[in-house]
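Below: one structure, written as C-alpha cells.
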Amino acid sequence: MSKITAYSIEGNRQMLDGGSMFGNAPRALWEKWISVDDRGRIPLACRSLLVRTENANILFETGIGAFFEPKLSDRFGVQSPDKHLLLENLKAQGLKPEDITHVVLSHLHFDHAGGLMPLYKDLKEKDNSLVFPNAELIMGKEAYERALNPHPRDKASFPEVLVNAIQAHPKKRILEPETTDILIDGVKIKFFISDGHTPGQMLSLVQGENSQVIFCGDLIPGRHWVHLPITMGYDRFPEKLIDEKQKLYEENLGKDTWYFFTHDDQYACARLEQDGHKVKPKDLQEHFQQSI
C-alpha cells in the first residue's frame with residue numbers, strides 16, 4: 001500500500017439558523033454549546049478531507065465556496081465571499097486546482113459541493129467550468145438524481161447553476177447504490193448510504209494500514225451531533241438518521257477510527273468512546289494531519 005496522508009482543509013465558513021441545525025433540541029440546551037449571532041445563526045465550518053498518495057490527491061467534498069450572489073452570501077453568512085478559501089488553503093499545501101485528481105461528494109447540497117464553483121465575480125454566463133478541471137467527480141446515483149429532480153422541500157439546497165455545472169463536467173463516476181468500495185492508487189474507500197439527512201447520502205470510510213477515517217458528512221456534522229438524539233431540522237428522516245448513527249457506532253467503536261466533522265466550528269475530527277449508555281467524542285483535533 002502506498003503512503004496515505006490525510007489532512008483537514010478549511011473552506012469558506014457559513015452561518016445557519018441554530019434552531020434548524022439542532023432540530024427539536026431546545027435553544028436553552030444548544031446555546032450552551034455554541035455561540036449565536038443577533039440573527040439566530042451559529043457558525044459552521046465547511047471543511048474538506050484531503051487524502052494524498054504518491055499519484056493521487058483525493059478531496060472529500062468542497063464546502064460552500066463563494067459562488068453565491070451577495071444577497072445569498074449575506075443570508076448564509078458566507079465567510080470572505082470575495083475569496084475562495086478552499087483553493088487558498090490547498091495552495092498552502094502546495095496544490096494547484098489542477099492537481100486534484102478526484103472529488104468525492106457525499107451529496108450535492110450547496111454547502112458540500114459549492115466549492116466546485118468559481119467565485120461569484122468570475123462566473124460567466126453559460127460557462128460550466130469547475131475549479132478542479134482534471135478531477136473525476138465521484139458521487140452516488142441516488143444523490144445525483146436527487147439534485148437533478150429535487151423535492152420541493154429541499155429544492156433550494158440545489159442551486160441550478162451548481163447542478164448544471166456538475167452535470168456538464170466531463171469526468172464523473174456515478175456509483176450504483178450497491179457499490180461498497182473503490183480503490184484509488186492503493187487507497188481503499190468503503191461507502192455506506194445514509195438516507196436520514198437526504199436520500200442517497202454516500203459516506204466514506206478511508207482505510208489505512210494503521211487507522212481509518214470516516215467522513216461523516218451530515219450524518220454527524222460536528223461533535224454536538226455525536227449524541228444519538230441530536231439531529232437537524234434539515235434532516236428528512238430524523239428517526240432513520242438516529243438508527244444510522246447507532247449502526248455506525250456499533251460497527252466501528254473499538255477500532256482505531258477518526259470521525260471527520262465537516263461542519264464543527266472548532267474541531268476537524270475526534271475519536272469516539274462509549275460512556276455508559278452514551279457515545280461521546282474524545283481526542284478532539286482542531287486540525288488533522290496524519291499518516292493512516
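Chain lettering (A, B, ...) mirrors the order of the C-alpha cells, residue numbering begins at 1 for each chain separately, and ligand numbering begins at 1 in order of display.
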
- Near segment 188-195 of chain A, counting only C-alpha atoms, which residues have an atom at most 8 Å away, once you skip same-chain residues fewer than 4 positions from it, shown as a list in words?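 Non-adjacent residues within range: Pro177, Thr179, Thr180, Asp181, Ile182, Leu183, Ile184, Pro199, Gly200, Gln201, Met202, Leu203, Ser204, Leu205, Val206, Gln207, Gly208, Leu219, Phe237, Lys240, Leu241 and Glu244 of chain A.
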
Can I get the selection written as a PDB file, in the first residue's frame, with N, CA and C atoms?
```pdb
ATOM      1  N   PRO A 177     -26.106   2.213  -5.981  1.00  0.00           N
ATOM      2  CA  PRO A 177     -26.271   2.103  -4.523  1.00  0.00           C
ATOM      3  C   PRO A 177     -25.596   0.877  -3.912  1.00  0.00           C
ATOM      4  N   THR A 179     -22.739  -0.318  -4.684  1.00  0.00           N
ATOM      5  CA  THR A 179     -21.271  -0.203  -4.673  1.00  0.00           C
ATOM      6  C   THR A 179     -20.791  -0.019  -3.244  1.00  0.00           C
ATOM      7  N   THR A 180     -19.944  -0.922  -2.790  1.00  0.00           N
ATOM      8  CA  THR A 180     -19.495  -0.870  -1.398  1.00  0.00           C
ATOM      9  C   THR A 180     -18.112  -0.267  -1.231  1.00  0.00           C
ATOM     10  N   ASP A 181     -17.286  -0.282  -2.282  1.00  0.00           N
ATOM     11  CA  ASP A 181     -15.936   0.262  -2.147  1.00  0.00           C
ATOM     12  C   ASP A 181     -15.311   0.481  -3.518  1.00  0.00           C
ATOM     13  N   ILE A 182     -14.309   1.349  -3.543  1.00  0.00           N
ATOM     14  CA  ILE A 182     -13.484   1.555  -4.727  1.00  0.00           C
ATOM     15  C   ILE A 182     -12.033   1.641  -4.271  1.00  0.00           C
ATOM     16  N   LEU A 183     -11.122   1.566  -5.215  1.00  0.00           N
ATOM     17  CA  LEU A 183      -9.692   1.651  -4.934  1.00  0.00           C
ATOM     18  C   LEU A 183      -9.106   2.767  -5.786  1.00  0.00           C
ATOM     19  N   ILE A 184      -8.412   3.715  -5.151  1.00  0.00           N
ATOM     20  CA  ILE A 184      -7.740   4.800  -5.862  1.00  0.00           C
ATOM     21  C   ILE A 184      -6.285   4.826  -5.422  1.00  0.00           C
ATOM     22  N   PRO A 199     -31.918  11.572   0.836  1.00  0.00           N
ATOM     23  CA  PRO A 199     -31.823  10.258   0.194  1.00  0.00           C
ATOM     24  C   PRO A 199     -30.521  10.089  -0.583  1.00  0.00           C
ATOM     25  N   GLY A 200     -29.833   8.990  -0.295  1.00  0.00           N
ATOM     26  CA  GLY A 200     -28.643   8.635  -1.055  1.00  0.00           C
ATOM     27  C   GLY A 200     -27.356   9.276  -0.597  1.00  0.00           C
ATOM     28  N   GLN A 201     -27.336   9.934   0.570  1.00  0.00           N
ATOM     29  CA  GLN A 201     -26.067  10.478   1.043  1.00  0.00           C
ATOM     30  C   GLN A 201     -25.052   9.333   1.141  1.00  0.00           C
ATOM     31  N   MET A 202     -23.900   9.517   0.502  1.00  0.00           N
ATOM     32  CA  MET A 202     -22.895   8.459   0.413  1.00  0.00           C
ATOM     33  C   MET A 202     -21.695   8.844   1.267  1.00  0.00           C
ATOM     34  N   LEU A 203     -21.558   8.184   2.401  1.00  0.00           N
ATOM     35  CA  LEU A 203     -20.472   8.485   3.318  1.00  0.00           C
ATOM     36  C   LEU A 203     -19.289   7.562   3.058  1.00  0.00           C
ATOM     37  N   SER A 204     -18.103   8.066   3.378  1.00  0.00           N
ATOM     38  CA  SER A 204     -16.865   7.379   3.007  1.00  0.00           C
ATOM     39  C   SER A 204     -16.058   6.986   4.224  1.00  0.00           C
ATOM     40  N   LEU A 205     -15.488   5.793   4.168  1.00  0.00           N
ATOM     41  CA  LEU A 205     -14.539   5.318   5.159  1.00  0.00           C
ATOM     42  C   LEU A 205     -13.227   5.030   4.434  1.00  0.00           C
ATOM     43  N   VAL A 206     -12.185   5.781   4.804  1.00  0.00           N
ATOM     44  CA  VAL A 206     -10.870   5.634   4.181  1.00  0.00           C
ATOM     45  C   VAL A 206     -10.036   4.712   5.054  1.00  0.00           C
ATOM     46  N   GLN A 207      -9.627   3.595   4.493  1.00  0.00           N
ATOM     47  CA  GLN A 207      -8.891   2.592   5.259  1.00  0.00           C
ATOM     48  C   GLN A 207      -7.392   2.722   5.022  1.00  0.00           C
ATOM     49  N   GLY A 208      -6.650   2.833   6.106  1.00  0.00           N
ATOM     50  CA  GLY A 208      -5.200   2.810   6.033  1.00  0.00           C
ATOM     51  C   GLY A 208      -4.664   1.566   6.729  1.00  0.00           C
ATOM     52  N   LEU A 219     -24.447  13.186   8.441  1.00  0.00           N
ATOM     53  CA  LEU A 219     -24.912  12.217   9.435  1.00  0.00           C
ATOM     54  C   LEU A 219     -24.487  12.683  10.822  1.00  0.00           C
ATOM     55  N   PHE A 237     -35.455  12.494   7.500  1.00  0.00           N
ATOM     56  CA  PHE A 237     -35.995  11.384   8.292  1.00  0.00           C
ATOM     57  C   PHE A 237     -35.176  11.255   9.585  1.00  0.00           C
ATOM     58  N   LYS A 240     -34.721   7.797  11.294  1.00  0.00           N
ATOM     59  CA  LYS A 240     -33.863   6.932  10.481  1.00  0.00           C
ATOM     60  C   LYS A 240     -32.400   7.335  10.651  1.00  0.00           C
ATOM     61  N   LEU A 241     -32.149   8.644  10.713  1.00  0.00           N
ATOM     62  CA  LEU A 241     -30.778   9.112  10.897  1.00  0.00           C
ATOM     63  C   LEU A 241     -30.199   8.629  12.219  1.00  0.00           C
ATOM     64  N   GLU A 244     -29.172   5.145  11.861  1.00  0.00           N
ATOM     65  CA  GLU A 244     -27.942   5.040  11.059  1.00  0.00           C
ATOM     66  C   GLU A 244     -26.719   5.394  11.890  1.00  0.00           C
TER      67      GLU A 244
END
```

- Task: Can you check which residues of segment 37-183 of chain A DSSP gives as strand (DSSP E or B) on the backbone and send them as a ChimeraX atom specification?
- Result: /A:41-44,47-52,57-60,102-105,136-140,172-175,181-183

Restricting the output to N, CA and C atoms, write the selected residues as a PDB file, in the first residue's frame.
```
ATOM      1  N   ARG A  41     -28.215  32.816  14.141  1.00  0.00           N
ATOM      2  CA  ARG A  41     -27.388  31.891  13.370  1.00  0.00           C
ATOM      3  C   ARG A  41     -26.174  31.443  14.176  1.00  0.00           C
ATOM      4  N   ILE A  42     -25.699  30.248  13.879  1.00  0.00           N
ATOM      5  CA  ILE A  42     -24.497  29.723  14.517  1.00  0.00           C
ATOM      6  C   ILE A  42     -23.398  29.548  13.474  1.00  0.00           C
ATOM      7  N   PRO A  43     -22.120  29.639  13.901  1.00  0.00           N
ATOM      8  CA  PRO A  43     -21.011  29.478  12.951  1.00  0.00           C
ATOM      9  C   PRO A  43     -20.766  28.007  12.625  1.00  0.00           C
ATOM     10  N   LEU A  44     -20.527  27.735  11.364  1.00  0.00           N
ATOM     11  CA  LEU A  44     -20.281  26.377  10.902  1.00  0.00           C
ATOM     12  C   LEU A  44     -19.110  26.366   9.933  1.00  0.00           C
ATOM     13  N   ARG A  47     -15.596  22.121   5.928  1.00  0.00           N
ATOM     14  CA  ARG A  47     -14.266  21.524   5.966  1.00  0.00           C
ATOM     15  C   ARG A  47     -14.200  20.338   5.018  1.00  0.00           C
ATOM     16  N   SER A  48     -13.100  20.238   4.294  1.00  0.00           N
ATOM     17  CA  SER A  48     -12.868  19.110   3.393  1.00  0.00           C
ATOM     18  C   SER A  48     -11.779  18.204   3.958  1.00  0.00           C
ATOM     19  N   LEU A  49     -11.840  16.947   3.566  1.00  0.00           N
ATOM     20  CA  LEU A  49     -10.794  15.989   3.894  1.00  0.00           C
ATOM     21  C   LEU A  49      -9.959  15.767   2.638  1.00  0.00           C
ATOM     22  N   LEU A  50      -8.673  15.976   2.754  1.00  0.00           N
ATOM     23  CA  LEU A  50      -7.743  15.740   1.643  1.00  0.00           C
ATOM     24  C   LEU A  50      -6.938  14.491   1.942  1.00  0.00           C
ATOM     25  N   VAL A  51      -6.965  13.542   1.035  1.00  0.00           N
ATOM     26  CA  VAL A  51      -6.170  12.316   1.167  1.00  0.00           C
ATOM     27  C   VAL A  51      -5.157  12.306   0.026  1.00  0.00           C
ATOM     28  N   ARG A  52      -3.875  12.235   0.392  1.00  0.00           N
ATOM     29  CA  ARG A  52      -2.792  12.306  -0.593  1.00  0.00           C
ATOM     30  C   ARG A  52      -2.016  10.995  -0.636  1.00  0.00           C
ATOM     31  N   ASN A  57      -4.505  12.953  -5.415  1.00  0.00           N
ATOM     32  CA  ASN A  57      -4.935  13.933  -4.420  1.00  0.00           C
ATOM     33  C   ASN A  57      -6.458  13.893  -4.404  1.00  0.00           C
ATOM     34  N   ILE A  58      -7.002  13.255  -3.373  1.00  0.00           N
ATOM     35  CA  ILE A  58      -8.434  12.986  -3.299  1.00  0.00           C
ATOM     36  C   ILE A  58      -9.062  13.943  -2.302  1.00  0.00           C
ATOM     37  N   LEU A  59     -10.052  14.700  -2.758  1.00  0.00           N
ATOM     38  CA  LEU A  59     -10.728  15.672  -1.910  1.00  0.00           C
ATOM     39  C   LEU A  59     -12.134  15.161  -1.616  1.00  0.00           C
ATOM     40  N   PHE A  60     -12.452  15.072  -0.341  1.00  0.00           N
ATOM     41  CA  PHE A  60     -13.799  14.677   0.070  1.00  0.00           C
ATOM     42  C   PHE A  60     -14.580  15.951   0.368  1.00  0.00           C
ATOM     43  N   HIS A 102      -9.357  13.603  -7.783  1.00  0.00           N
ATOM     44  CA  HIS A 102     -10.689  13.068  -7.514  1.00  0.00           C
ATOM     45  C   HIS A 102     -11.382  13.953  -6.470  1.00  0.00           C
ATOM     46  N   VAL A 103     -12.687  14.140  -6.637  1.00  0.00           N
ATOM     47  CA  VAL A 103     -13.517  14.786  -5.625  1.00  0.00           C
ATOM     48  C   VAL A 103     -14.670  13.836  -5.313  1.00  0.00           C
ATOM     49  N   VAL A 104     -14.739  13.410  -4.063  1.00  0.00           N
ATOM     50  CA  VAL A 104     -15.815  12.504  -3.622  1.00  0.00           C
ATOM     51  C   VAL A 104     -16.885  13.348  -2.936  1.00  0.00           C
ATOM     52  N   LEU A 105     -18.107  13.275  -3.437  1.00  0.00           N
ATOM     53  CA  LEU A 105     -19.209  14.090  -2.935  1.00  0.00           C
ATOM     54  C   LEU A 105     -20.220  13.197  -2.226  1.00  0.00           C
ATOM     55  N   GLU A 136     -11.908  13.784 -11.301  1.00  0.00           N
ATOM     56  CA  GLU A 136     -13.071  12.932 -11.506  1.00  0.00           C
ATOM     57  C   GLU A 136     -14.005  13.136 -10.320  1.00  0.00           C
ATOM     58  N   LEU A 137     -15.255  13.500 -10.609  1.00  0.00           N
ATOM     59  CA  LEU A 137     -16.256  13.652  -9.552  1.00  0.00           C
ATOM     60  C   LEU A 137     -16.890  12.298  -9.276  1.00  0.00           C
ATOM     61  N   ILE A 138     -16.869  11.880  -8.024  1.00  0.00           N
ATOM     62  CA  ILE A 138     -17.410  10.584  -7.631  1.00  0.00           C
ATOM     63  C   ILE A 138     -18.589  10.829  -6.704  1.00  0.00           C
ATOM     64  N   MET A 139     -19.750  10.287  -7.058  1.00  0.00           N
ATOM     65  CA  MET A 139     -20.954  10.506  -6.255  1.00  0.00           C
ATOM     66  C   MET A 139     -21.898   9.336  -6.428  1.00  0.00           C
ATOM     67  N   GLY A 140     -22.823   9.205  -5.509  1.00  0.00           N
ATOM     68  CA  GLY A 140     -23.813   8.145  -5.577  1.00  0.00           C
ATOM     69  C   GLY A 140     -24.933   8.496  -6.545  1.00  0.00           C
ATOM     70  N   LYS A 172     -17.154  12.187 -14.598  1.00  0.00           N
ATOM     71  CA  LYS A 172     -17.998  11.827 -13.451  1.00  0.00           C
ATOM     72  C   LYS A 172     -18.051  10.312 -13.338  1.00  0.00           C
ATOM     73  N   ARG A 173     -18.051   9.849 -12.097  1.00  0.00           N
ATOM     74  CA  ARG A 173     -18.293   8.434 -11.826  1.00  0.00           C
ATOM     75  C   ARG A 173     -19.511   8.347 -10.915  1.00  0.00           C
ATOM     76  N   ILE A 174     -20.622   7.886 -11.457  1.00  0.00           N
ATOM     77  CA  ILE A 174     -21.864   7.777 -10.710  1.00  0.00           C
ATOM     78  C   ILE A 174     -21.984   6.344 -10.211  1.00  0.00           C
ATOM     79  N   LEU A 175     -21.925   6.183  -8.895  1.00  0.00           N
ATOM     80  CA  LEU A 175     -21.885   4.846  -8.301  1.00  0.00           C
ATOM     81  C   LEU A 175     -23.290   4.332  -8.018  1.00  0.00           C
ATOM     82  N   ASP A 181     -17.286  -0.282  -2.282  1.00  0.00           N
ATOM     83  CA  ASP A 181     -15.936   0.262  -2.147  1.00  0.00           C
ATOM     84  C   ASP A 181     -15.311   0.481  -3.518  1.00  0.00           C
ATOM     85  N   ILE A 182     -14.309   1.349  -3.543  1.00  0.00           N
ATOM     86  CA  ILE A 182     -13.484   1.555  -4.727  1.00  0.00           C
ATOM     87  C   ILE A 182     -12.033   1.641  -4.271  1.00  0.00           C
ATOM     88  N   LEU A 183     -11.122   1.566  -5.215  1.00  0.00           N
ATOM     89  CA  LEU A 183      -9.692   1.651  -4.934  1.00  0.00           C
ATOM     90  C   LEU A 183      -9.106   2.767  -5.786  1.00  0.00           C
TER      91      LEU A 183
END
```

- Message: Applying 10 Å and only C-alpha atoms, which residues near Pro118 of chain A remain after dropping the ones on its own chain fewer than 6 positions away? List them as a ChimeraX atom specification.
- Response: /A:65-68,83-84,87,124,128-132

Polymer residues at most 12 Å from Asn24 of chain A, only C-alpha atoms, same-chain spacing of 3 or more positions, as a tab-separated table (two decimals) with C-alpha atoms, in the first residue's frame:
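The resulting selection.tsv:
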```tsv
chain	number	residue	atom	x	y	z
A	18	GLY	CA	-29.30	27.45	15.15
A	19	GLY	CA	-32.79	26.09	15.63
A	20	SER	CA	-32.68	24.46	12.21
A	21	MET	CA	-29.28	22.95	12.92
A	27	ARG	CA	-32.43	26.54	22.34
A	28	ALA	CA	-31.93	26.58	26.11
A	29	LEU	CA	-29.83	23.45	25.59
A	30	TRP	CA	-27.89	24.11	22.39
A	229	PRO	CA	-30.90	12.08	19.83
A	230	ILE	CA	-29.43	15.28	18.33
A	231	THR	CA	-30.49	15.75	14.71
A	232	MET	CA	-31.08	18.69	12.39
A	233	GLY	CA	-34.30	20.28	11.26
A	234	TYR	CA	-32.89	19.88	7.75
A	235	ASP	CA	-32.89	16.08	8.09
A	238	PRO	CA	-34.62	12.13	11.80
A	239	GLU	CA	-35.51	8.77	13.37
```

- Which one is closest to Gly196 of chain A: A:Lys245, A:Trp225, A:Gly94, A:Pro152? Count only C-alpha atoms.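 Closest residue, counting only C-alpha atoms: A:Lys245.
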
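Remark: for His197 of chain A, the closest of the candidate residues A:Asp154, A:Asp74, A:Glu160, A:Glu178 is A:Asp154 (distances computed over only C-alpha atoms).
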
- Task: May I have the residues within 12 Å of Ser73 of chain A as a PyMOL selection string, using only C-alpha atoms and disregarding those fewer than 4 positions away in the same chain?
- Result: chain A and resi 12-16+64-69+77-82+110-111+114+119-120

- Pick from A:Arg236, A:His224, A:Lys278, A:Arg39, whichever lies nearest to Arg75 of chain A using only C-alpha atoms: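 Selected residue with least distance to Arg75 of chain A: A:Arg39.
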